[in-house]
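Novice: One structure follows; several queries about it will come next.
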Amino acid sequence: MTTTVRTAALLACLLLAGGCRHAPPTSDAGPPASQRTAAATTHAAGVAAANPIAVEAGLAVLRQGGSAVDAAVAVQAALGLVEPQSSGVGGGAFLMHYDAASGRLTAYDGRETAPGGATPGMFLDEQGQPLSYADAVTSGRSTGVPGAIAMLGLAHERQGRLPWSQLFDGVAQAAEEGFAVPKRLARFANSEFRQATLPDARALFGKPDGGTIQAGETFRNPAYAASLRAIAARGPRALLEPPLADVIIERTRVEPRPGTLKREDFSAYRPQEREPLCRPYRIYVICVPPPPSSGVALLQMLAILEHTDIDRRGPDDPQAWFLFAEASRLMYADRDRYVADPAFVAVPVDGLLDPAYVAARASLIGERWGPPPEAGEPPATLGARFGADATNEAAGTSHFVVVDAGGDIVSMTTTVESLFGSGRAVGGFFLNNQLTDFSFRPVENGQPVANAVAPGKRPRSSMAPVIVLDTDGRPLAALGSPGGSSILLYNAKTLVGLLDWHLPLQQAIDLPNVLARGKDCFGEVSKFPPGVLAGLAARGIEVKSGRGEESGLHGVVIFEDGRLEGAADPRREGVWRQP
């Protein structure tokens with residue numbers, strides 16, 4: 001399904017929030033004034049992604065006259081080659097698409113599904129206790145039916161310009177001829193991270209002398225090239241049909257803890273075209289995918305922040321970060337309780353975003369850090385009561401954005417879940433471990449968990465690719481991030497920096513990451529001014545290091561005259577480039 005964004009933007013302001021609280025932008029609306037003076041490029045096309053090779057793959061397609069979706073197919077294929085620790089054809093994704101000709105916005109859901117043989121207790125041991133995360137991830141049970149390529153196929157059917165078979169040539173050739181190993185891939189391939197030590201990773205990244213690939217060395221992956229050529233020749237369902245489906249199934253049905261995937265699970269898989277979820281934030285409209293994406297939680301956090309004065313503060317003000325941390329804890333308490341696959345659970349989307357409910361949640365923000373907030377009871381829950389969910393989401397994943405010469409936009413978050421997915425590989429690519437995004441416990445305190453495992457169900461995802469509109473429905477920005485459950489805070493931080501503090505996009509991305517959830521607050525301690533840390537401590541918050549440093553934000557700001565200003569997260573190897 002699609003939304004005409006001009007209509008969605010106006011309705012969001014006029015109906016869903018009781019009217020926009022700020023004056024509408026002037027006729028030359030665009031990025032804030034500080035953005036307009038920033039260096040901007042002259043070509044209305046570009047790609048930002050986590051690796052220069054992937055960016056170049058997308059640009060090559062754009063130079064051939066391809067659409068943003070065409071380029072996205074090539075970018076995903078390349079990321080599976082040069083960043084296999086984060087995403088690949090064996091995983092899943094969410095994609096937001098803006099069509100410039102019609103002004104329509106579409107959400108595509110390529111989330112994996114559980115097999116028909118899945119059971120609520122599949123991640124419990126023989127004593128009924130949750131498996132350790134490492135054991136669950138590397139089990140055959142962790143892999144769901146892969147959806148990223150099928151989803152891209154659906155988007156290509158709607159918005160592609162070049163033949164599907166033409167979109168994989170460059171990446172397949174690079175896989176055959178070899179490429180220089182990126183530092184990040186080398187770091188993870190040589191790590192003691194569990195999946196990197198398993199036989200499939202050792203075989204894929206091993207050298208004849210017994211060592212492992214090193215940064216700068218030439219790495220060839222002919223098996224991956226063959227897989228891409230099969231997908232190119234047979235179409236986007238090639239992974240869901242024999243022979244590729246059979247080898248995936250076979251690899252998941254061996255010890256430890258074999259899975260239950262069957263051919264029927266693959267043949268039944270369908271990517272979904274969904275209605276985007278759009279809500280106002282000040283004079284802007286933020287659009288994200290609906291559940292099972294957690295985009296609704298991002299919108300709720302922004303709505304809570306709109307009840308504060310964070311927009312009149314700035315990145316050097318400890319009160320701004322205090323408000324951000326408190327809003328994030330409230331958001332996670334609700335997200336973890338209510339968000340799941342809407343085909344199986346009545347997710348109270350409207351209730352979570354109800355203005356009165358949001359105001360009540362915002363009123364819980366006090367002057368000091370207190371005990372972890374409990375989940376609220378939003379309206380429209382239809383009497384449902386769910387147990388607490390403590391799903392452990394890995395900080396893998398990748399995000400990229402594409403703008404084509406016609407103004408079409410792709411904002412896509414893609415993943416194999418944990419680093420190197422399940423650690424099991426076939427055809428030169430790793431299989432996902434997405435089913436560990438389900439709650440390991442199906443029941444808590446006698447109440448069912450919304451995100452419990454069920455046959456055919458899609459696990460809840462923190463992936464939330466964003467497209468920002470002005471109140472006329474004109475695209476203003478597109479962005480997103482990897483990072484497991486922290487994705488929501490990476491995105492929120494960047495949106496606050498961009499829209500509230502009027503920072504150039506690169507500076508908004510560069511802002512320190514801070515992750516407040518439950519009783520803990522982690523962040524990039526060394527990046528905060530000393531006064532901010534002291535001010536947070538005075539409010540009862542100790543920002544701990546050790547987490548929150550692996551965002552991979554990529555985005556673009558679109559000026560009204562068609563100029564683009566892209567940015568990439570310096571925490572990874574990403575770049576923004578134009579044809």
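Naming works like this for the structure tokens: A, B, ... for the chains as they're shown, residue 1 at the start of each chain, ligands 1 onward in shown order.
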I need the residues in segment 316-547 of chain A that are strand (DSSP E) according to DSSP; give them as an NGL selection string.

Specialist: :A and (398-403 or 409-415 or 425-426 or 429-430 or 443-444 or 447-448 or 466-470 or 475-480 or 514-517 or 520-523)

Novice: Print the selection's residues with N, CA, C and O atoms to a file, as a compact mmCIF listing (two decimals), in the first residue's frame.

Specialist:
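As a result, out.txt now contains:
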# COMPACT_ATOMS: atom_id res chain seq x y z
N SER A 398 22.94 -2.75 8.61
CA SER A 398 23.50 -1.68 7.80
C SER A 398 22.36 -0.81 7.29
O SER A 398 21.22 -1.27 7.19
N HIS A 399 22.67 0.43 6.99
CA HIS A 399 21.67 1.33 6.41
C HIS A 399 22.28 2.08 5.24
O HIS A 399 23.45 2.44 5.27
N PHE A 400 21.44 2.32 4.22
CA PHE A 400 21.89 3.16 3.11
C PHE A 400 20.74 3.97 2.56
O PHE A 400 19.56 3.66 2.78
N VAL A 401 21.10 5.05 1.87
CA VAL A 401 20.10 5.90 1.20
C VAL A 401 20.54 6.11 -0.24
O VAL A 401 21.74 6.14 -0.55
N VAL A 402 19.55 6.23 -1.12
CA VAL A 402 19.79 6.49 -2.54
C VAL A 402 18.81 7.56 -3.00
O VAL A 402 17.62 7.50 -2.66
N VAL A 403 19.30 8.53 -3.77
CA VAL A 403 18.44 9.48 -4.46
C VAL A 403 18.80 9.41 -5.93
O VAL A 403 19.99 9.49 -6.28
N ILE A 409 13.54 8.42 -3.90
CA ILE A 409 14.39 8.22 -2.72
C ILE A 409 14.17 6.83 -2.15
O ILE A 409 13.03 6.37 -2.05
N VAL A 410 15.25 6.18 -1.78
CA VAL A 410 15.21 4.93 -1.02
C VAL A 410 15.94 5.15 0.30
O VAL A 410 17.07 5.66 0.31
N SER A 411 15.30 4.77 1.40
CA SER A 411 15.94 4.72 2.71
C SER A 411 15.73 3.29 3.21
O SER A 411 14.60 2.88 3.47
N MET A 412 16.82 2.52 3.32
CA MET A 412 16.69 1.08 3.56
C MET A 412 17.63 0.62 4.67
O MET A 412 18.83 0.92 4.65
N THR A 413 17.07 -0.11 5.63
CA THR A 413 17.85 -0.75 6.69
C THR A 413 17.79 -2.25 6.46
O THR A 413 16.72 -2.82 6.24
N THR A 414 18.95 -2.90 6.52
CA THR A 414 19.08 -4.30 6.09
C THR A 414 20.01 -5.05 7.03
O THR A 414 20.96 -4.47 7.57
N THR A 415 19.74 -6.34 7.23
CA THR A 415 20.50 -7.04 8.27
C THR A 415 20.49 -8.55 8.09
O THR A 415 19.59 -9.12 7.47
N ALA A 425 26.94 -20.58 6.62
CA ALA A 425 27.00 -19.96 5.30
C ALA A 425 26.73 -20.99 4.21
O ALA A 425 27.06 -22.17 4.35
N VAL A 426 26.13 -20.52 3.14
CA VAL A 426 25.96 -21.31 1.91
C VAL A 426 26.16 -20.35 0.75
O VAL A 426 25.91 -19.14 0.86
N PHE A 429 27.46 -16.70 1.21
CA PHE A 429 26.80 -15.69 2.06
C PHE A 429 26.33 -16.35 3.36
O PHE A 429 26.11 -17.56 3.42
N PHE A 430 26.16 -15.51 4.38
CA PHE A 430 25.76 -16.01 5.70
C PHE A 430 24.25 -16.01 5.83
O PHE A 430 23.55 -15.17 5.30
N VAL A 443 6.00 -16.55 27.70
CA VAL A 443 5.10 -16.10 28.76
C VAL A 443 5.94 -15.50 29.88
O VAL A 443 6.99 -16.03 30.24
N GLU A 444 5.50 -14.36 30.42
CA GLU A 444 6.15 -13.74 31.58
C GLU A 444 5.08 -13.39 32.61
O GLU A 444 4.08 -12.73 32.28
N GLN A 447 1.50 -13.94 31.70
CA GLN A 447 0.93 -13.21 30.57
C GLN A 447 1.71 -13.52 29.30
O GLN A 447 2.94 -13.60 29.32
N PRO A 448 1.02 -13.69 28.16
CA PRO A 448 1.74 -13.95 26.91
C PRO A 448 2.57 -12.75 26.49
O PRO A 448 2.19 -11.60 26.71
N VAL A 466 13.92 6.07 7.81
CA VAL A 466 13.14 7.30 7.98
C VAL A 466 13.15 8.12 6.69
O VAL A 466 14.19 8.23 6.02
N ILE A 467 12.00 8.71 6.37
CA ILE A 467 11.93 9.79 5.40
C ILE A 467 11.19 10.94 6.08
O ILE A 467 10.12 10.74 6.67
N VAL A 468 11.79 12.13 6.02
CA VAL A 468 11.23 13.33 6.65
C VAL A 468 10.60 14.20 5.58
O VAL A 468 11.22 14.45 4.53
N LEU A 469 9.38 14.69 5.85
CA LEU A 469 8.67 15.56 4.93
C LEU A 469 8.43 16.91 5.58
O LEU A 469 8.37 17.02 6.81
N ASP A 470 8.27 17.95 4.75
CA ASP A 470 7.76 19.20 5.28
C ASP A 470 6.23 19.14 5.24
O ASP A 470 5.64 18.16 4.79
N PRO A 475 9.83 15.95 0.33
CA PRO A 475 10.88 15.26 1.10
C PRO A 475 11.98 16.20 1.51
O PRO A 475 12.49 16.99 0.71
N LEU A 476 12.32 16.14 2.77
CA LEU A 476 13.32 17.02 3.36
C LEU A 476 14.60 16.27 3.68
O LEU A 476 15.70 16.82 3.56
N ALA A 477 14.46 15.02 4.11
CA ALA A 477 15.63 14.22 4.48
C ALA A 477 15.25 12.75 4.48
O ALA A 477 14.08 12.38 4.59
N ALA A 478 16.27 11.91 4.35
CA ALA A 478 16.13 10.46 4.49
C ALA A 478 17.33 9.97 5.26
O ALA A 478 18.46 10.39 4.98
N LEU A 479 17.11 9.10 6.24
CA LEU A 479 18.22 8.63 7.06
C LEU A 479 17.85 7.35 7.78
O LEU A 479 16.70 6.91 7.76
N GLY A 480 18.84 6.77 8.43
CA GLY A 480 18.63 5.56 9.22
C GLY A 480 19.95 5.05 9.74
O GLY A 480 21.02 5.60 9.45
N VAL A 514 24.00 8.31 22.95
CA VAL A 514 23.66 8.00 24.33
C VAL A 514 22.46 7.06 24.32
O VAL A 514 21.50 7.27 23.58
N LEU A 515 22.56 5.98 25.09
CA LEU A 515 21.57 4.91 25.07
C LEU A 515 21.03 4.68 26.47
O LEU A 515 21.71 4.10 27.32
N ALA A 516 19.82 5.17 26.71
CA ALA A 516 19.18 4.99 28.01
C ALA A 516 18.03 4.02 27.86
O ALA A 516 17.12 4.24 27.07
N ARG A 517 18.08 2.95 28.65
CA ARG A 517 17.04 1.92 28.60
C ARG A 517 17.02 1.23 29.95
O ARG A 517 18.05 0.75 30.43
N ASP A 520 19.93 1.51 32.95
CA ASP A 520 21.27 1.83 32.48
C ASP A 520 21.29 2.97 31.48
O ASP A 520 20.33 3.20 30.74
N CYS A 521 22.42 3.65 31.44
CA CYS A 521 22.67 4.68 30.43
C CYS A 521 24.10 4.53 29.94
O CYS A 521 25.06 4.71 30.71
N PHE A 522 24.23 4.15 28.68
CA PHE A 522 25.54 4.00 28.07
C PHE A 522 25.73 5.10 27.02
O PHE A 522 24.76 5.70 26.54
N GLY A 523 26.98 5.36 26.67
CA GLY A 523 27.21 6.36 25.64
C GLY A 523 28.67 6.56 25.35
O GLY A 523 29.55 5.94 25.95

Novice: Running DSSP on the backbone, which parts of segment 75-167 of chain A land in helix (DSSP H, G or I), as a PyMOL selection string?

Specialist: chain A and resi 75-82+133-137+140-142+148-159+164-166

Novice: Give the answer as one residue: which of A:Leu352, A:Leu419, A:Ala359, A:Ile541 has the shortest atom-to-atom distance to Glu377 of chain A, using only C-alpha atoms?

Specialist: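 Ranking A:Leu352, A:Leu419, A:Ala359, A:Ile541 by distance to Glu377 of chain A, first place goes to A:Leu352.
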
Novice: Select, from A:Pro130, A:Gly531, A:Pro182, A:Gly140, the residue with the minimum atom-to-atom distance to Gln434 of chain A, counting only C-alpha atoms.

Specialist: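 Between A:Pro130, A:Gly531, A:Pro182, A:Gly140, the residue approaching Gln434 of chain A most closely is A:Gly140.
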
Novice: Rank A:Leu505, A:Val345, A:Val82, A:Ile286 by their smallest atom-to-atom distance to Val453 of chain A, using only C-alpha atoms, and report the top residue only.

Specialist: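 Looking only at the distances to Val453 of chain A, the closest residue turns out to be A:Val345.
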
Novice: Under the rule that only C-alpha atoms are counted, which of A:Gly555, A:Gly535, A:Gly546, A:Gly259 is the nearest residue to Pro504 of chain A?

Specialist: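 Between A:Gly555, A:Gly535, A:Gly546, A:Gly259, the residue approaching Pro504 of chain A most closely is A:Gly555.
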
Novice: If I take atom CA of Gly46 of chain A and atom CA of Gln64 of chain A, how far is one from the other in Å, to one decimal?

Specialist: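 The value is 13.3 Å.
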
Novice: Give me the residues near Ser139 of chain A as a PyMOL selection string, where near means some atom within 12 Å (using only C-alpha atoms) and where sequence neighbours in that chain fewer than 4 positions away do not count.

Specialist: chain A and resi 122-123+131-135+143-144+194-195+198+251-260+421-424+431-436

Novice: With N, CA, C and O atoms retained, write the just-selected residues as a CSV table (one decimal), in the first residue's frame.

Specialist:
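Saved file again.csv follows:
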chain,number,residue,atom,x,y,z
A,122,MET,N,10.9,-22.7,21.4
A,122,MET,CA,12.0,-23.2,20.7
A,122,MET,C,13.3,-22.7,21.1
A,122,MET,O,14.4,-23.2,20.8
A,123,PHE,N,13.3,-21.6,21.9
A,123,PHE,CA,14.6,-21.1,22.4
A,123,PHE,C,14.7,-21.3,23.9
A,123,PHE,O,15.4,-20.6,24.6
A,131,LEU,N,17.7,-20.4,26.4
A,131,LEU,CA,19.1,-20.7,25.9
A,131,LEU,C,20.0,-19.5,26.1
A,131,LEU,O,19.5,-18.3,26.1
A,132,SER,N,21.3,-19.7,26.2
A,132,SER,CA,22.2,-18.6,26.2
A,132,SER,C,22.1,-17.9,24.8
A,132,SER,O,21.8,-18.6,23.8
A,133,TYR,N,22.3,-16.6,24.7
A,133,TYR,CA,22.2,-15.9,23.5
A,133,TYR,C,23.1,-16.5,22.4
A,133,TYR,O,22.7,-16.8,21.3
A,134,ALA,N,24.4,-16.8,22.8
A,134,ALA,CA,25.3,-17.4,21.8
A,134,ALA,C,24.9,-18.7,21.3
A,134,ALA,O,25.0,-19.0,20.1
A,135,ASP,N,24.3,-19.6,22.2
A,135,ASP,CA,23.9,-20.9,21.7
A,135,ASP,C,22.6,-20.7,20.8
A,135,ASP,O,22.5,-21.5,19.8
A,143,THR,N,17.5,-19.2,12.2
A,143,THR,CA,17.3,-18.7,10.8
A,143,THR,C,15.9,-18.7,10.4
A,143,THR,O,15.2,-19.7,10.4
A,144,GLY,N,15.4,-17.6,9.9
A,144,GLY,CA,14.1,-17.4,9.3
A,144,GLY,C,14.2,-17.4,7.8
A,144,GLY,O,15.3,-17.3,7.2
A,194,ARG,N,32.0,-15.3,18.4
A,194,ARG,CA,31.7,-16.7,18.2
A,194,ARG,C,31.5,-17.1,16.7
A,194,ARG,O,32.0,-18.1,16.3
A,195,GLN,N,30.6,-16.4,16.0
A,195,GLN,CA,30.3,-16.8,14.6
A,195,GLN,C,31.6,-16.8,13.8
A,195,GLN,O,31.7,-17.6,12.8
A,198,LEU,N,33.5,-20.1,13.8
A,198,LEU,CA,32.9,-21.4,13.4
A,198,LEU,C,33.4,-21.8,12.0
A,198,LEU,O,34.0,-21.0,11.3
A,251,ARG,N,21.4,-26.5,5.4
A,251,ARG,CA,22.4,-26.0,6.4
A,251,ARG,C,21.8,-25.7,7.7
A,251,ARG,O,22.5,-25.7,8.8
A,252,THR,N,20.5,-25.4,7.8
A,252,THR,CA,19.9,-25.1,9.1
A,252,THR,C,19.4,-26.3,9.8
A,252,THR,O,19.1,-26.2,11.0
A,253,ARG,N,19.4,-27.5,9.1
A,253,ARG,CA,18.8,-28.7,9.8
A,253,ARG,C,19.9,-29.6,10.3
A,253,ARG,O,19.7,-30.8,10.4
A,254,VAL,N,21.1,-29.1,10.6
A,254,VAL,CA,22.1,-29.8,11.2
A,254,VAL,C,22.4,-29.3,12.6
A,254,VAL,O,22.0,-28.2,13.0
A,255,GLU,N,23.0,-30.1,13.5
A,255,GLU,CA,23.4,-29.7,14.8
A,255,GLU,C,24.3,-28.5,14.8
A,255,GLU,O,25.1,-28.3,13.9
A,256,PRO,N,24.3,-27.7,15.9
A,256,PRO,CA,23.5,-27.9,17.1
A,256,PRO,C,22.1,-27.3,17.0
A,256,PRO,O,21.9,-26.4,16.3
A,257,ARG,N,21.2,-28.0,17.6
A,257,ARG,CA,19.8,-27.6,17.7
A,257,ARG,C,19.2,-27.3,16.3
A,257,ARG,O,19.0,-26.2,15.9
A,258,PRO,N,19.0,-28.3,15.5
A,258,PRO,CA,18.6,-28.1,14.1
A,258,PRO,C,17.3,-27.4,14.0
A,258,PRO,O,16.4,-27.5,14.9
A,259,GLY,N,17.1,-26.6,12.9
A,259,GLY,CA,15.9,-25.9,12.7
A,259,GLY,C,14.8,-26.8,12.0
A,259,GLY,O,15.1,-28.0,11.7
A,260,THR,N,13.7,-26.2,11.7
A,260,THR,CA,12.6,-26.9,11.1
A,260,THR,C,12.2,-26.3,9.7
A,260,THR,O,11.1,-26.6,9.2
A,421,GLY,N,25.6,-13.2,11.1
A,421,GLY,CA,24.3,-13.9,11.2
A,421,GLY,C,24.4,-15.1,12.2
A,421,GLY,O,24.9,-15.0,13.3
A,422,SER,N,24.0,-16.2,11.7
A,422,SER,CA,24.1,-17.4,12.5
A,422,SER,C,25.4,-18.1,12.5
A,422,SER,O,25.7,-19.1,13.2
A,423,GLY,N,26.3,-17.6,11.7
A,423,GLY,CA,27.6,-18.2,11.5
A,423,GLY,C,27.6,-19.3,10.5
A,423,GLY,O,28.7,-19.9,10.2
A,424,ARG,N,26.4,-19.6,10.0
A,424,ARG,CA,26.3,-20.7,9.0
A,424,ARG,C,26.2,-20.0,7.6
A,424,ARG,O,25.5,-19.0,7.4
A,431,LEU,N,23.8,-17.0,6.6
A,431,LEU,CA,22.4,-17.1,6.9
A,431,LEU,C,22.0,-16.2,8.1
A,431,LEU,O,22.8,-16.0,9.0
A,432,ASN,N,20.8,-15.7,8.1
A,432,ASN,CA,20.4,-14.8,9.2
A,432,ASN,C,20.2,-15.6,10.5
A,432,ASN,O,19.9,-16.8,10.5
A,433,ASN,N,20.2,-14.9,11.6
A,433,ASN,CA,19.7,-15.4,12.9
A,433,ASN,C,18.5,-14.6,13.4
A,433,ASN,O,18.4,-14.3,14.6
A,434,GLN,N,17.7,-14.1,12.5
A,434,GLN,CA,16.6,-13.2,12.9
A,434,GLN,C,15.6,-13.7,13.9
A,434,GLN,O,15.0,-13.0,14.6
A,435,LEU,N,15.4,-15.0,13.9
A,435,LEU,CA,14.4,-15.6,14.8
A,435,LEU,C,14.8,-15.4,16.3
A,435,LEU,O,13.9,-15.4,17.2
A,436,THR,N,16.1,-15.0,16.6
A,436,THR,CA,16.4,-14.7,17.9
A,436,THR,C,16.0,-13.3,18.3
A,436,THR,O,16.2,-12.9,19.4

Novice: Measuring atom to atom with only C-alpha atoms, identify which of A:Phe438, A:Thr138, A:Gly153, A:Tyr281 is nearest to Asp200 of chain A.

Specialist: A:Thr138

Novice: Can you pull out every residue within 8 Å of Met151 of chain A, counting only C-alpha atoms, but drop anything in the same chain fewer than 2 positions away, and send it as a PyMOL selection string?

Specialist: chain A and resi 93+108-110+147-149+153-155+271-272

Novice: Could you list, as a PyMOL selection string, every residue within 10 Å of Val496 of chain A, counting only C-alpha atoms and ignoring same-chain residues fewer than 2 positions away?

Specialist: chain A and resi 302+305+310-311+314-315+324+491-494+498-503+508

Novice: Atoms to include: C-alpha atoms. Write the selected residues as an mmCIF file, in the first residue's frame.

Specialist:
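Output (out-v6.cif):
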data_model
loop_
_atom_site.group_PDB
_atom_site.id
_atom_site.type_symbol
_atom_site.label_atom_id
_atom_site.label_comp_id
_atom_site.auth_asym_id
_atom_site.auth_seq_id
_atom_site.Cartn_x
_atom_site.Cartn_y
_atom_site.Cartn_z
ATOM 1 C CA LEU A 302 9.735 12.212 19.271
ATOM 2 C CA LEU A 305 10.181 15.145 23.272
ATOM 3 C CA ILE A 310 14.729 20.253 23.982
ATOM 4 C CA ASP A 311 14.360 22.291 20.773
ATOM 5 C CA GLY A 314 21.434 22.320 22.270
ATOM 6 C CA PRO A 315 24.125 19.615 22.331
ATOM 7 C CA PHE A 324 16.510 12.651 25.620
ATOM 8 C CA ASN A 491 17.838 7.867 14.553
ATOM 9 C CA ALA A 492 16.222 10.026 17.249
ATOM 10 C CA LYS A 493 19.511 11.736 18.121
ATOM 11 C CA THR A 494 20.130 12.613 14.496
ATOM 12 C CA LEU A 498 18.911 18.094 12.394
ATOM 13 C CA LEU A 499 15.393 19.395 13.066
ATOM 14 C CA ASP A 500 15.581 20.876 16.591
ATOM 15 C CA TRP A 501 19.128 22.130 16.805
ATOM 16 C CA HIS A 502 19.400 23.036 13.094
ATOM 17 C CA LEU A 503 22.748 21.307 12.666
ATOM 18 C CA ALA A 508 23.892 15.740 13.642
#

Novice: Check which residues of segment 93-171 of chain A sit at most 8 Å from segment 216-236 of chain A using only C-alpha atoms, and return one row each with the closest pair of atoms and their distance in Å to one decimal, ordered by chain and rising number, as CSV.

Specialist:
residue,atom,partner,partner_atom,distance
A:Ile149,CA,A:Pro236,CA,5.8
A:Ala150,CA,A:Pro236,CA,5.1
A:Leu152,CA,A:Pro236,CA,7.5
A:Gly153,CA,A:Pro236,CA,5.0
A:Trp164,CA,A:Ala232,CA,6.4
A:Ser165,CA,A:Ala232,CA,4.3
A:Gln166,CA,A:Ala232,CA,7.2
A:Leu167,CA,A:Ala232,CA,7.4
A:Phe168,CA,A:Ala232,CA,6.3
A:Asp169,CA,A:Arg229,CA,7.6
A:Val171,CA,A:Ala225,CA,7.6

Novice: Suppose we keep N, CA and C atoms; can you now write the selection as a CSV table (one decimal), in the first residue's frame?

Specialist:
chain,number,residue,atom,x,y,z
A,149,ILE,N,15.9,-10.0,-0.5
A,149,ILE,CA,16.0,-10.0,-2.0
A,149,ILE,C,14.5,-10.0,-2.6
A,150,ALA,N,13.7,-10.8,-2.0
A,150,ALA,CA,12.3,-10.9,-2.4
A,150,ALA,C,11.6,-9.5,-2.3
A,152,LEU,N,13.2,-6.5,-2.3
A,152,LEU,CA,13.7,-5.7,-3.4
A,152,LEU,C,13.1,-6.0,-4.7
A,153,GLY,N,12.8,-7.3,-4.9
A,153,GLY,CA,12.2,-7.7,-6.2
A,153,GLY,C,10.8,-7.1,-6.3
A,164,TRP,N,16.1,-6.5,-14.1
A,164,TRP,CA,16.6,-7.1,-12.9
A,164,TRP,C,17.9,-7.8,-13.1
A,165,SER,N,18.0,-8.5,-14.2
A,165,SER,CA,19.2,-9.3,-14.5
A,165,SER,C,20.5,-8.4,-14.7
A,166,GLN,N,20.3,-7.1,-14.9
A,166,GLN,CA,21.4,-6.2,-15.2
A,166,GLN,C,22.0,-5.7,-13.9
A,167,LEU,N,21.4,-5.8,-12.8
A,167,LEU,CA,21.7,-5.1,-11.6
A,167,LEU,C,22.8,-5.7,-10.7
A,168,PHE,N,23.2,-7.0,-11.1
A,168,PHE,CA,24.2,-7.7,-10.3
A,168,PHE,C,25.5,-7.9,-10.9
A,169,ASP,N,25.7,-7.5,-12.2
A,169,ASP,CA,26.9,-7.8,-13.0
A,169,ASP,C,28.1,-7.3,-12.3
A,171,VAL,N,28.8,-6.4,-9.2
A,171,VAL,CA,29.2,-7.0,-7.9
A,171,VAL,C,29.7,-8.4,-8.1

Novice: Select, from A:Ser142, A:Gln214, A:Gln300, A:Gln159, the residue with the minimum atom-to-atom distance to Ala72 of chain A, counting only C-alpha atoms.

Specialist: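 Of all the options, A:Gln159 lies closest to Ala72 of chain A.
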
Novice: Can you pull out the residues contacting Ser461 of chain A? Cut-off 7 Å, using only C-alpha atoms, and skip same-chain residues under 6 positions away; I want them as a PyMOL selection string.

Specialist: chain A and resi 292-294

Novice: State, in Å with one decimal place, the distance from atom CA of Gly484 of chain A to atom CA of Arg263 of chain A.

Specialist: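 It comes out at 29.2 Å.
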